[in-house]
$ cat coords-v3.cif   # mmCIF, C-alpha atoms and all ligand atoms
data_start
#
loop_
_atom_site.label_atom_id
_atom_site.label_comp_id
_atom_site.auth_asym_id
_atom_site.auth_seq_id
_atom_site.Cartn_x
_atom_site.Cartn_y
_atom_site.Cartn_z
CA MET V 1 10.01 20.69 -27.41
CA ALA V 2 12.90 20.65 -29.81
CA ALA V 3 14.29 17.22 -28.94
CA VAL V 4 11.22 15.32 -30.11
CA PRO V 5 10.99 14.98 -33.88
CA ALA V 6 7.54 15.80 -35.24
CA PHE V 7 5.84 13.27 -37.54
CA SER V 8 2.65 15.25 -38.05
CA PRO V 9 -0.13 14.14 -37.98
CA ASN V 10 1.36 11.43 -35.80
CA PRO V 11 1.91 12.27 -32.14
CA ASP V 12 5.33 13.22 -30.87
CA VAL V 13 5.09 10.46 -28.29
CA VAL V 14 3.10 7.25 -27.97
CA ILE V 15 2.90 5.81 -24.46
CA VAL V 16 2.06 2.16 -23.89
CA GLY V 17 0.23 1.83 -20.57
CA ALA V 18 -2.15 4.34 -19.00
CA GLY V 19 -1.37 3.72 -15.35
CA LEU V 20 0.57 5.49 -12.63
CA ALA V 21 3.69 5.63 -14.78
CA GLY V 22 2.22 6.41 -18.21
CA LEU V 23 -0.35 8.99 -17.13
CA PRO V 24 2.09 11.27 -15.26
CA ILE V 25 4.47 11.09 -18.21
CA ALA V 26 1.71 11.99 -20.66
CA TRP V 27 0.56 14.90 -18.54
CA GLU V 28 4.09 16.21 -18.11
CA LEU V 29 4.95 15.95 -21.82
CA LEU V 30 1.69 17.62 -22.81
CA ARG V 31 2.45 20.48 -20.45
CA ARG V 32 5.82 20.83 -22.18
CA GLY V 33 4.15 21.17 -25.57
CA ALA V 34 4.35 17.64 -26.98
CA THR V 35 1.48 15.80 -28.65
CA VAL V 36 0.78 12.50 -26.92
CA ARG V 37 -1.24 9.37 -27.62
CA MET V 38 -1.66 6.72 -24.94
CA VAL V 39 -2.65 3.13 -25.66
CA ASP V 40 -3.84 0.68 -23.03
CA ARG V 41 -5.50 -2.70 -23.29
CA GLY V 42 -7.94 -1.66 -20.58
CA ARG V 43 -9.12 1.68 -19.31
CA PRO V 44 -6.79 4.21 -17.65
CA GLY V 45 -5.72 3.16 -14.17
CA GLU V 46 -7.47 -0.20 -14.36
CA GLY V 47 -4.31 -2.33 -14.16
CA THR V 48 -1.91 -2.56 -11.23
CA SER V 49 -2.61 1.08 -10.36
CA ARG V 50 -6.10 0.05 -9.28
CA VAL V 51 -4.66 -2.53 -6.90
CA ALA V 52 -2.05 -0.27 -5.29
CA ALA V 53 -2.46 0.50 -1.60
CA GLY V 54 -1.45 4.13 -2.09
CA MET V 55 1.22 4.57 0.55
CA LEU V 56 3.51 7.58 0.21
CA ALA V 57 5.97 5.99 2.54
CA PRO V 58 9.61 6.61 1.73
CA ILE V 59 10.50 5.43 5.22
CA THR V 60 8.44 2.30 5.84
CA GLU V 61 7.87 1.12 2.28
CA VAL V 62 11.33 1.88 0.93
CA GLU V 63 14.43 0.21 2.37
CA PRO V 64 15.58 2.90 4.84
CA ASP V 65 19.06 1.42 5.00
CA ASP V 66 19.43 1.96 1.25
CA PRO V 67 20.28 5.67 0.99
CA VAL V 68 19.69 5.85 -2.76
CA HIS V 69 16.22 4.37 -2.54
CA LEU V 70 15.41 6.43 0.51
CA THR V 71 16.57 9.68 -1.07
CA LEU V 72 14.63 9.10 -4.28
CA GLY V 73 11.58 8.22 -2.19
CA GLN V 74 11.98 11.41 -0.15
CA LEU V 75 12.17 13.50 -3.31
CA ALA V 76 8.94 11.89 -4.52
CA ARG V 77 7.24 12.34 -1.13
CA GLU V 78 8.26 15.99 -0.97
CA ARG V 79 6.68 16.66 -4.38
CA TRP V 80 3.31 15.07 -3.66
CA PRO V 81 1.52 18.08 -2.11
CA GLY V 82 2.43 20.30 -5.06
CA TYR V 83 1.56 17.51 -7.48
CA VAL V 84 -1.90 17.13 -6.00
CA ASP V 85 -2.41 20.92 -6.07
CA GLY V 86 -1.55 20.91 -9.77
CA LEU V 87 -3.91 18.05 -10.51
CA ARG V 88 -6.72 19.71 -8.60
CA ALA V 89 -6.16 22.96 -10.46
CA ALA V 90 -6.07 21.19 -13.83
CA THR V 91 -9.14 19.03 -13.31
CA GLY V 92 -11.21 20.18 -10.35
CA HIS V 93 -11.02 16.61 -9.03
CA ALA V 94 -11.01 16.25 -5.26
CA ILE V 95 -7.82 14.44 -4.29
CA ALA V 96 -6.73 14.28 -0.69
CA ILE V 97 -3.41 13.25 0.80
CA ARG V 98 -3.91 11.52 4.13
CA THR V 99 -1.14 12.84 6.36
CA HIS V 100 -1.86 10.78 9.45
CA GLY V 101 1.50 8.98 9.25
CA THR V 102 2.29 5.34 9.80
CA LEU V 103 2.16 3.31 12.97
CA ALA V 104 4.47 0.31 12.68
CA VAL V 105 3.40 -2.25 15.22
CA ALA V 106 5.09 -5.24 16.84
CA ARG V 107 3.03 -8.20 18.01
CA ASP V 108 5.76 -10.24 19.72
CA ARG V 109 9.32 -9.96 20.98
CA ASP V 110 10.92 -10.71 17.62
CA GLU V 111 8.88 -8.02 15.92
CA ALA V 112 9.62 -5.58 18.75
CA GLU V 113 13.35 -6.17 18.31
CA ALA V 114 13.00 -5.68 14.57
CA LEU V 115 11.14 -2.43 15.19
CA ASP V 116 13.94 -1.17 17.46
CA ARG V 117 16.51 -2.06 14.80
CA PHE V 118 14.42 -0.18 12.26
CA ARG V 119 14.25 2.81 14.60
CA ALA V 120 18.04 2.80 14.98
CA ILE V 121 18.38 2.96 11.18
CA CYS V 122 15.91 5.85 11.05
CA ASP V 123 17.91 7.67 13.73
CA ARG V 124 21.06 7.19 11.68
CA PHE V 125 19.40 8.85 8.69
CA GLY V 126 17.78 11.58 10.77
CA LEU V 127 14.24 10.32 10.07
CA ALA V 128 11.56 11.25 12.59
CA THR V 129 10.06 8.40 14.61
CA GLU V 130 8.42 8.08 18.00
CA ARG V 131 8.63 4.90 20.06
CA LEU V 132 5.32 4.11 21.77
CA MET V 133 4.44 1.63 24.46
CA PRO V 134 1.17 -0.26 23.87
CA SER V 135 -1.02 2.01 26.00
CA ALA V 136 0.21 5.14 24.18
CA ALA V 137 -0.25 3.48 20.78
CA ARG V 138 -3.80 2.44 21.70
CA LYS V 139 -4.62 5.97 22.76
CA ARG V 140 -3.76 7.07 19.23
CA GLU V 141 -5.43 4.10 17.55
CA PRO V 142 -8.03 2.66 19.94
CA ALA V 143 -8.96 -0.12 17.50
CA LEU V 144 -5.59 -1.82 18.09
CA ALA V 145 -5.66 -5.11 20.00
CA PRO V 146 -4.44 -5.02 23.61
CA THR V 147 -1.94 -7.77 22.80
CA LEU V 148 0.25 -5.31 20.93
CA ARG V 149 3.84 -5.23 22.19
CA LEU V 150 5.42 -2.04 20.85
CA ALA V 151 4.75 0.61 18.21
CA LEU V 152 6.70 3.17 16.25
CA GLU V 153 5.02 6.26 14.89
CA ILE V 154 6.44 7.53 11.60
CA PRO V 155 4.75 10.93 11.16
CA ASP V 156 6.05 11.84 7.70
CA ASP V 157 4.51 8.90 5.84
CA ALA V 158 1.24 9.59 4.04
CA ALA V 159 -1.23 7.94 1.67
CA VAL V 160 -3.50 8.70 -1.27
CA ASP V 161 -6.25 6.77 -3.01
CA PRO V 162 -4.59 5.70 -6.28
CA ARG V 163 -7.96 5.39 -8.00
CA THR V 164 -8.78 9.05 -7.47
CA VAL V 165 -5.26 9.96 -8.59
CA THR V 166 -5.45 7.98 -11.83
CA ALA V 167 -8.93 9.36 -12.57
CA ALA V 168 -7.61 12.90 -12.12
CA LEU V 169 -4.50 12.18 -14.18
CA ALA V 170 -6.58 10.76 -17.04
CA ALA V 171 -8.79 13.86 -16.94
CA ALA V 172 -5.69 16.09 -16.87
CA VAL V 173 -4.23 14.30 -19.90
CA VAL V 174 -7.42 14.72 -21.90
CA ALA V 175 -7.84 18.34 -20.78
CA ALA V 176 -4.28 19.05 -21.94
CA GLY V 177 -5.06 17.67 -25.40
CA GLY V 178 -3.79 14.10 -25.04
CA THR V 179 -5.52 11.07 -26.52
CA ILE V 180 -6.13 7.92 -24.51
CA GLU V 181 -6.98 4.89 -26.59
CA SER V 182 -8.55 2.33 -24.25
CA GLY V 183 -9.13 -1.31 -25.16
CA CYS V 184 -6.07 -1.27 -27.38
CA GLU V 185 -3.93 -4.39 -27.18
CA VAL V 186 -0.39 -3.71 -28.35
CA ARG V 187 1.23 -6.48 -30.36
CA GLY V 188 4.73 -5.06 -30.40
CA LEU V 189 7.22 -2.31 -31.01
CA VAL V 190 7.76 -1.03 -34.57
CA LEU V 191 11.38 -0.36 -35.57
CA ASP V 192 12.60 1.37 -38.68
CA GLY V 193 16.32 1.40 -39.41
CA GLY V 194 17.01 0.48 -35.79
CA ARG V 195 14.92 3.35 -34.45
CA ALA V 196 11.65 2.96 -32.51
CA VAL V 197 8.95 4.63 -34.62
CA GLY V 198 5.73 3.37 -33.08
CA VAL V 199 3.74 0.37 -31.91
CA GLU V 200 1.61 -2.15 -33.70
CA ARG V 201 -1.90 -2.83 -32.42
CA ALA V 202 -3.27 -6.37 -32.21
CA ASP V 203 -5.47 -5.62 -35.25
CA GLY V 204 -2.34 -4.96 -37.34
CA THR V 205 -2.66 -1.19 -37.51
CA THR V 206 0.15 0.96 -36.19
CA VAL V 207 0.55 4.12 -34.19
CA ARG V 208 3.62 5.93 -35.42
CA ALA V 209 5.31 8.51 -33.24
CA GLY V 210 8.56 10.35 -32.73
CA ALA V 211 9.19 8.49 -29.48
CA VAL V 212 7.79 5.37 -27.83
CA VAL V 213 7.49 5.13 -24.04
CA ILE V 214 6.84 1.69 -22.57
CA ALA V 215 5.04 2.17 -19.26
CA GLY V 216 3.37 -1.20 -19.02
CA GLY V 217 4.35 -2.17 -15.47
CA ALA V 218 5.79 -5.66 -15.07
CA GLU V 219 4.70 -6.56 -18.59
CA SER V 220 6.95 -3.90 -20.11
CA ALA V 221 9.80 -6.36 -20.29
CA ARG V 222 7.98 -8.80 -22.51
CA LEU V 223 6.75 -6.47 -25.24
CA ALA V 224 7.39 -8.13 -28.60
CA GLY V 225 9.69 -6.50 -31.12
CA VAL V 226 12.20 -5.08 -28.62
CA PRO V 227 15.74 -6.31 -29.32
CA ASP V 228 17.13 -8.20 -26.33
CA HIS V 229 19.99 -5.75 -25.82
CA ALA V 230 17.45 -2.94 -25.26
CA ARG V 231 15.21 -4.79 -22.81
CA VAL V 232 15.08 -4.12 -19.10
CA PRO V 233 15.25 -6.90 -16.49
CA VAL V 234 11.95 -6.17 -14.78
CA ARG V 235 9.99 -9.05 -13.27
CA PRO V 236 6.52 -9.32 -11.69
CA VAL V 237 6.35 -9.71 -7.91
CA LYS V 238 2.80 -10.73 -7.16
CA GLY V 239 0.84 -9.08 -4.37
CA GLN V 240 -2.60 -10.09 -3.13
CA LEU V 241 -4.68 -7.59 -1.17
CA LEU V 242 -8.19 -7.21 0.19
CA MET V 243 -10.43 -4.17 -0.02
CA LEU V 244 -12.61 -3.92 3.09
CA ARG V 245 -15.31 -1.40 3.89
CA ASP V 246 -16.76 -0.17 7.14
CA PRO V 247 -20.50 0.43 6.59
CA ALA V 248 -20.34 2.84 9.55
CA GLY V 249 -17.95 5.08 7.59
CA PRO V 250 -14.36 6.17 8.21
CA GLY V 251 -12.61 6.47 11.57
CA MET V 252 -11.97 2.96 12.90
CA VAL V 253 -8.29 3.45 12.08
CA GLU V 254 -6.69 6.74 10.95
CA ARG V 255 -2.99 5.93 10.47
CA VAL V 256 -1.50 3.45 8.06
CA LEU V 257 -0.76 0.42 10.22
CA ARG V 258 2.20 -1.83 9.44
CA PHE V 259 2.58 -5.18 11.09
CA GLY V 260 4.84 -8.13 10.39
CA PRO V 261 4.28 -8.91 6.75
CA GLY V 262 1.35 -6.60 6.15
CA TYR V 263 -0.40 -3.29 6.30
CA LEU V 264 -3.82 -1.74 6.73
CA VAL V 265 -4.32 1.48 4.77
CA PRO V 266 -7.42 3.57 5.59
CA ARG V 267 -9.27 5.55 2.93
CA ASP V 268 -11.31 8.69 3.59
CA ASP V 269 -14.59 6.93 2.77
CA GLY V 270 -14.43 4.03 5.23
CA ARG V 271 -12.62 1.58 2.95
CA TYR V 272 -9.42 -0.16 4.08
CA VAL V 273 -6.75 -1.90 2.02
CA LEU V 274 -5.41 -4.95 3.82
CA GLY V 275 -2.23 -6.22 2.18
CA ALA V 276 -0.17 -7.78 0.98
CA THR V 277 1.53 -10.94 -0.09
CA THR V 278 4.94 -10.90 -1.76
CA GLU V 279 5.16 -13.79 -4.21
CA GLU V 280 7.61 -14.82 -6.91
CA ARG V 281 5.12 -16.56 -9.19
CA GLY V 282 5.62 -14.86 -12.52
CA PHE V 283 2.50 -13.56 -14.24
CA ASP V 284 0.05 -15.43 -12.03
CA ARG V 285 -3.27 -13.77 -11.24
CA THR V 286 -4.77 -16.38 -8.95
CA VAL V 287 -6.50 -15.20 -5.80
CA THR V 288 -5.64 -17.91 -3.29
CA ALA V 289 -7.57 -18.99 -0.23
CA TRP V 290 -4.40 -19.05 1.88
CA ALA V 291 -3.68 -15.40 1.09
CA VAL V 292 -7.21 -14.29 2.04
CA HIS V 293 -6.90 -16.39 5.20
CA ASP V 294 -3.46 -15.11 6.20
CA LEU V 295 -4.26 -11.47 5.50
CA LEU V 296 -7.45 -11.61 7.57
CA ARG V 297 -5.76 -13.61 10.34
CA ASP V 298 -2.86 -11.17 10.64
CA GLY V 299 -4.98 -8.06 10.19
CA SER V 300 -7.57 -9.12 12.76
CA GLU V 301 -4.92 -10.18 15.26
CA LEU V 302 -3.83 -6.56 15.28
CA VAL V 303 -7.20 -4.86 14.72
CA PRO V 304 -9.99 -7.24 15.78
CA GLY V 305 -12.60 -4.96 14.18
CA VAL V 306 -11.27 -5.97 10.76
CA LEU V 307 -13.50 -9.05 10.88
CA ASP V 308 -16.64 -6.88 11.14
CA LEU V 309 -15.84 -5.08 7.89
CA GLU V 310 -17.36 -5.94 4.51
CA LEU V 311 -15.02 -7.74 2.15
CA VAL V 312 -15.68 -5.81 -1.06
CA GLU V 313 -12.78 -6.81 -3.35
CA THR V 314 -9.99 -9.33 -3.64
CA LEU V 315 -7.10 -7.82 -5.58
CA VAL V 316 -3.99 -9.11 -7.34
CA GLY V 317 -1.22 -6.95 -8.77
CA TRP V 318 2.24 -7.42 -10.22
CA ARG V 319 4.87 -5.13 -8.77
CA PRO V 320 7.28 -4.27 -11.59
CA THR V 321 10.60 -5.08 -9.97
CA SER V 322 14.12 -4.41 -11.22
CA PRO V 323 17.24 -6.14 -9.89
CA ASP V 324 18.14 -3.18 -7.65
CA GLY V 325 14.52 -2.41 -6.72
CA LEU V 326 14.78 1.11 -8.17
CA PRO V 327 12.61 2.52 -10.96
CA VAL V 328 13.68 2.11 -14.58
CA VAL V 329 12.91 5.41 -16.28
CA GLY V 330 14.75 6.80 -19.27
CA PRO V 331 16.26 5.86 -22.62
CA ALA V 332 16.66 2.30 -23.85
CA ARG V 333 20.12 1.00 -24.53
CA ASP V 334 21.14 1.54 -28.19
CA ILE V 335 17.64 2.08 -29.63
CA ASP V 336 16.86 5.67 -30.50
CA GLY V 337 13.29 6.69 -29.81
CA LEU V 338 12.60 3.98 -27.20
CA TRP V 339 12.05 4.91 -23.56
CA TRP V 340 11.22 2.86 -20.47
CA ALA V 341 9.12 3.82 -17.45
CA THR V 342 8.73 0.82 -15.19
CA GLY V 343 10.41 -0.87 -12.19
CA GLN V 344 8.66 1.09 -9.43
CA HIS V 345 8.37 -2.15 -7.39
CA ARG V 346 6.41 -1.41 -4.20
CA ASN V 347 6.27 2.34 -4.82
CA GLY V 348 4.39 3.03 -8.03
CA VAL V 349 2.16 5.53 -6.26
CA LEU V 350 4.95 7.27 -4.34
CA PHE V 351 7.11 7.65 -7.45
CA ALA V 352 4.20 8.85 -9.62
CA SER V 353 4.93 12.42 -8.49
CA ILE V 354 8.37 12.34 -10.15
CA THR V 355 7.97 9.75 -12.92
CA GLY V 356 6.64 12.32 -15.41
CA ALA V 357 9.46 14.75 -14.72
CA LEU V 358 12.13 12.02 -14.75
CA LEU V 359 11.08 10.80 -18.18
CA ALA V 360 10.33 14.22 -19.64
CA ASP V 361 13.63 15.68 -18.38
CA ALA V 362 15.54 12.84 -20.02
CA LEU V 363 13.52 12.90 -23.24
CA THR V 364 13.47 16.64 -23.84
CA GLY V 365 16.84 17.49 -22.32
CA ASP V 366 15.12 20.26 -20.35
CA ARG V 367 16.06 19.56 -16.76
CA THR V 368 13.41 20.48 -14.19
CA LEU V 369 14.41 18.04 -11.46
CA PRO V 370 17.48 18.91 -9.39
CA GLY V 371 20.74 17.57 -10.78
CA ARG V 372 21.63 16.69 -7.24
CA TYR V 373 19.20 15.74 -4.47
CA GLY V 374 20.95 14.65 -1.30
CA ALA V 375 23.73 12.41 -2.56
CA ILE V 376 21.98 11.31 -5.75
CA ASP V 377 21.37 12.48 -9.29
CA PRO V 378 17.74 11.38 -9.66
CA LEU V 379 17.95 10.82 -13.43
CA ALA V 380 21.14 8.79 -13.17
CA VAL V 381 19.87 6.37 -10.52
CA VAL V 382 16.81 5.43 -12.58
CA ASP V 383 18.58 5.25 -15.97
CA PRO V 384 17.63 1.92 -17.64
CA ARG V 385 21.10 1.64 -19.18
CA ARG V 386 22.56 0.79 -15.75
CA PHE V 387 21.55 -2.81 -16.45
CA ALA V 388 23.37 -5.13 -18.78
CA SER V 389 21.28 -6.51 -21.64
CA VAL V 390 18.93 -9.41 -20.92
CA THR V 391 17.77 -12.33 -22.99
CA LEU V 392 14.11 -13.04 -22.59
CA ASP V 393 11.94 -16.03 -23.27
CA ARG V 394 8.88 -14.28 -24.71
CA ASP V 395 6.47 -16.39 -22.64
CA ASP V 396 8.17 -15.88 -19.31
CA PRO V 397 9.30 -12.99 -17.18
CA PRO V 398 13.04 -12.29 -17.11
CA ALA V 399 15.02 -14.49 -14.76
CA ARG V 400 15.14 -13.19 -11.23
CA PRO V 401 18.70 -12.04 -10.65
CA THR V 402 18.36 -11.41 -6.91
CA GLY V 403 15.74 -11.61 -4.20
CA PRO V 404 14.03 -14.12 -1.96
CA ALA V 405 13.51 -17.78 -2.77
CA ASP V 406 10.85 -18.66 -5.29
CA ASP V 407 7.49 -20.01 -4.26
CA VAL V 408 7.08 -17.82 -1.23
CA ARG V 409 3.95 -19.38 0.21
CA ALA V 410 3.58 -16.86 2.98
CA PRO V 411 5.37 -13.54 3.30
CA ARG V 412 8.06 -13.59 5.92
CA LYS V 413 7.90 -11.30 8.88
CA GLU V 414 11.31 -9.82 8.20
CA ASP V 415 10.11 -8.70 4.76
CA HIS V 416 8.03 -6.02 6.37
CA ALA V 417 9.05 -5.69 9.98
CA ARG V 418 10.84 -2.51 9.18
N1 LIG S 501 3.18 -0.69 -1.76
C1 LIG S 501 2.42 -1.77 -1.28
C2 LIG S 501 2.82 -3.06 -1.80
O1 LIG S 501 3.61 -3.15 -2.73
O2 LIG S 501 2.34 -4.05 -1.31
#
$ encode --input "coords-v3.cif" --output "structure tokens" --more "lines below"
Ligand code: GLY
Amino acid sequence: MAAVPAFSPNPDVVIVGAGLAGLPIAWELLRRGATVRMVDRGRPGEGTSRVAAGMLAPITEVEPDDPVHLTLGQLARERWPGYVDGLRAATGHAIAIRTHGTLAVARDRDEAEALDRFRAICDRFGLATERLMPSAARKREPALAPTLRLALEIPDDAAVDPRTVTAALAAAVVAAGGTIESGCEVRGLVLDGGRAVGVERADGTTVRAGAVVIAGGAESARLAGVPDHARVPVRPVKGQLLMLRDPAGPGMVERVLRFGPGYLVPRDDGRYVLGATTEERGFDRTVTAWAVHDLLRDGSELVPGVLDLELVETLVGWRPTSPDGLPVVGPARDIDGLWWATGQHRNGVLFASITGALLADALTGDRTLPGRYGAIDPLAVVDPRRFASVTLDRDDPPARPTGPADDVRAPRKEDHAR
């Protein structure tokens, strides 16, 4: 790995954040011969990655009328089966991709019209869908309520359990010789002569390295010590979700169901993720009664059996969101040695299959991803330097440059009726 200067015995690369961005990067760099140390204030995969629903849904979870986003999502989706094979081979962990597809469901006329508009967009991009009348949809998913109006099957969407993926990735990193330092609060970036040379821990000690990768989700943007001109304008978009469990085991619902503002994502073991709110509330972690109420109301309107499930967890996560909604992976503006890996917004799990390669290709100069995929250059569309510099109040997230109105009490149907 010629492009990474060695500072033996320091690692070639220190990665801040051991989640679904940092872990794939660590594993990829280790496989390319680098030495890697990860630091995380918690344990690997215990941050937003633990909250993620796990959809591999470049069609329903990515804006399908945004060709760049769609194409990047399709590249990531295409790489998932091979990625899981590699993880299994490296660790022996059992990871399964659920390939049952998505059923997007309309509950009233407005939602049915939105679904038909969505289908027209899919047709334009050559994406497979199947329009189903209620009886046909209920044959495929008998737990659906009879009040359903219309459904659209999207067969190419899939899902994984992000917790099994992060556990396998952490094991793969360790097996490949990486170090994961859990319980390590990072105070800030360390610069020397304008170059990033490491990070300072909260106890005042430092980890020095040839390169520093900030993969701290929405919090990446507020790391101390980063000059404003090198920061990235990533903000937290809060999501609240519920983890439900069927004591009778799996099988009540097989496909990912999407409805109005929400989704129900089945796991192989009888758990279901019911999500999610979309809130512009900065770094707020409150679980609110209205969110639990609205999620259960909407979910049970579509699948009445939801109310018989055990409520096992209430979850809050911060989607790391850039102004254009695309990931932010690559070199920082004008600071040698500093790299960003954030901005995955609603698709941290989907993009995990390419995040390692995106960052490692840019950092090492050894290109493994295609220079052209569809109409995009994957590295170029995620390059952090596409954004102008931002000025940040250290206590607050960056200002929201675009997006819905603040204080979104309840998610709007059009947010998800796609
Ligand atoms: N990808 C699911 C969500 O962001 O809610």
$ closest_atom_pairs --input "coords-v3.cif" --of "range 102-165 of chain V" --to "range 299-314 of chain V" --cutoff "8 Å" --atoms "only C-alpha atoms" --output "Markdown table"
| residue | atom | partner | partner_atom | distance |
| --- | --- | --- | --- | --- |
| V:Arg107 | CA | V:Leu302 | CA | 7.6 |
| V:Ala143 | CA | V:Val303 | CA | 5.8 |
| V:Leu144 | CA | V:Val303 | CA | 4.8 |
| V:Ala145 | CA | V:Leu302 | CA | 5.3 |
| V:Thr147 | CA | V:Leu302 | CA | 7.8 |
| V:Leu148 | CA | V:Leu302 | CA | 7.1 |
$ closest_residue --input "coords-v3.cif" --among "V:Gly374, V:Pro58, V:Gly177, V:Gly45" --to "ligand LIG 501 (chain S)" --atoms "only C-alpha atoms and all ligand atoms"
V:Pro58
$ residues_near_ligand --input "coords-v3.cif" --ligand "ligand LIG 501 (chain S)" --cutoff "9 Å" --atoms "only C-alpha atoms and all ligand atoms" --output "NGL selection string"
:V and (52-57 or 61-62 or 237-241 or 262-263 or 275-278 or 317-319 or 345-350)
$ residues_around --input "coords-v3.cif" --residues "Glu200 in chain V" --least-positions-apart "6" --cutoff "12 Å" --atoms "only C-alpha atoms" --output "PyMOL selection string"
chain V and resi 14+16+39+184-191+206-209+212+223-225
$ atom_distance --input "coords-v3.cif" --atom1 "CA of Ala341 in chain V" --atom2 "CA of Gly183 in chain V"
20.5 Å
$ atom_distance --input "coords-v3.cif" --atom1 "CA of Ala168 in chain V" --atom2 "CA of Asp269 in chain V"
17.5 Å
$ closest_residue --input "coords-v3.cif" --among "V:Ala291, V:Leu379, V:Leu326, V:Gln344" --to "Val68 in chain V" --atoms "only C-alpha atoms"
V:Leu326
$ atom_distance --input "coords-v3.cif" --atom1 "CA of Ala158 in chain V" --atom2 "CA of His100 in chain V"
6.3 Å
$ residues_around --input "coords-v3.cif" --residues "range 78-91 of chain V" --least-positions-apart "6" --cutoff "7 Å" --atoms "all atoms listed in the file" --output "PyMOL selection string"
chain V and resi 168-169+171-172+353
$ closest_residue --input "coords-v3.cif" --among "V:Leu264, V:Pro24, V:Ala120, V:Val213" --to "Asp12 in chain V" --atoms "only C-alpha atoms"
V:Val213
$ closest_residue --input "coords-v3.cif" --among "V:Arg77, V:Arg372, V:Arg163, V:Arg333" --to "Thr48 in chain V" --atoms "all atoms listed in the file"
V:Arg163
$ residues_around --input "coords-v3.cif" --residues "Glu46 in chain V" --least-positions-apart "3" --cutoff "9 Å" --atoms "only C-alpha atoms" --output "list in words"
Ala18, Gly19, Gly42, Arg43, Ser49, Arg50, Val51, Arg163 and Thr166 of chain V
$ residues_around --input "coords-v3.cif" --residues "Glu254 in chain V" --least-positions-apart "2" --cutoff "7 Å" --atoms "only C-alpha atoms" --output "number ranges by chain"
V: 100, 251-252, 256, 266
$ residues_around --input "coords-v3.cif" --residues "range 110-118 of chain V" --least-positions-apart "2" --cutoff "9 Å" --atoms "all atoms listed in the file" --output "PyMOL selection string"
chain V and resi 64-65+104-108+120-123+131+149-152+259-260+413-414+417-418
$ write_last_selection --input "coords-v3.cif" --atoms "C-alpha atoms" --output "CSV table (one decimal), keeping the file's coordinate frame"
chain,number,residue,atom,x,y,z
V,64,PRO,CA,15.6,2.9,4.8
V,65,ASP,CA,19.1,1.4,5.0
V,104,ALA,CA,4.5,0.3,12.7
V,105,VAL,CA,3.4,-2.2,15.2
V,106,ALA,CA,5.1,-5.2,16.8
V,107,ARG,CA,3.0,-8.2,18.0
V,108,ASP,CA,5.8,-10.2,19.7
V,120,ALA,CA,18.0,2.8,15.0
V,121,ILE,CA,18.4,3.0,11.2
V,122,CYS,CA,15.9,5.8,11.0
V,123,ASP,CA,17.9,7.7,13.7
V,131,ARG,CA,8.6,4.9,20.1
V,149,ARG,CA,3.8,-5.2,22.2
V,150,LEU,CA,5.4,-2.0,20.8
V,151,ALA,CA,4.8,0.6,18.2
V,152,LEU,CA,6.7,3.2,16.2
V,259,PHE,CA,2.6,-5.2,11.1
V,260,GLY,CA,4.8,-8.1,10.4
V,413,LYS,CA,7.9,-11.3,8.9
V,414,GLU,CA,11.3,-9.8,8.2
V,417,ALA,CA,9.0,-5.7,10.0
V,418,ARG,CA,10.8,-2.5,9.2
$ axis_aligned_box --input "coords-v3.cif" --around "range 383-388 of chain V" --padding-each-side "3 Å" --output "AutoDock Vina command-line options"
--center_x 20.5 --center_y 0.1 --center_z -17.5 --size_x 11.7 --size_y 16.4 --size_z 9.4
$ closest_residue --input "coords-v3.cif" --among "V:Val165, V:Ile97, V:Gly204, V:Leu103" --to "Ala136 in chain V" --atoms "all atoms listed in the file"
V:Leu103
$ closest_residue --input "coords-v3.cif" --among "V:Thr179, V:Ala96, V:Leu274, V:Ala380" --to "Leu358 in chain V" --atoms "all atoms listed in the file"
V:Ala380
$ residues_near_point --input "coords-v3.cif" --point "(15.8, 2.5, -19.9)" --cutoff "8 Å" --atoms "only C-alpha atoms" --output "tab-separated table (two decimals) with C-alpha atoms, keeping the file's coordinate frame"
chain	number	residue	atom	x	y	z
V	230	ALA	CA	17.45	-2.94	-25.26
V	231	ARG	CA	15.21	-4.79	-22.81
V	232	VAL	CA	15.08	-4.12	-19.10
V	328	VAL	CA	13.68	2.11	-14.58
V	329	VAL	CA	12.91	5.41	-16.28
V	330	GLY	CA	14.75	6.80	-19.27
V	331	PRO	CA	16.26	5.86	-22.62
V	332	ALA	CA	16.66	2.30	-23.85
V	333	ARG	CA	20.12	1.00	-24.53
V	339	TRP	CA	12.05	4.91	-23.56
V	340	TRP	CA	11.22	2.86	-20.47
V	341	ALA	CA	9.12	3.82	-17.45
V	382	VAL	CA	16.81	5.43	-12.58
V	383	ASP	CA	18.58	5.25	-15.97
V	384	PRO	CA	17.63	1.92	-17.64
V	385	ARG	CA	21.10	1.64	-19.18
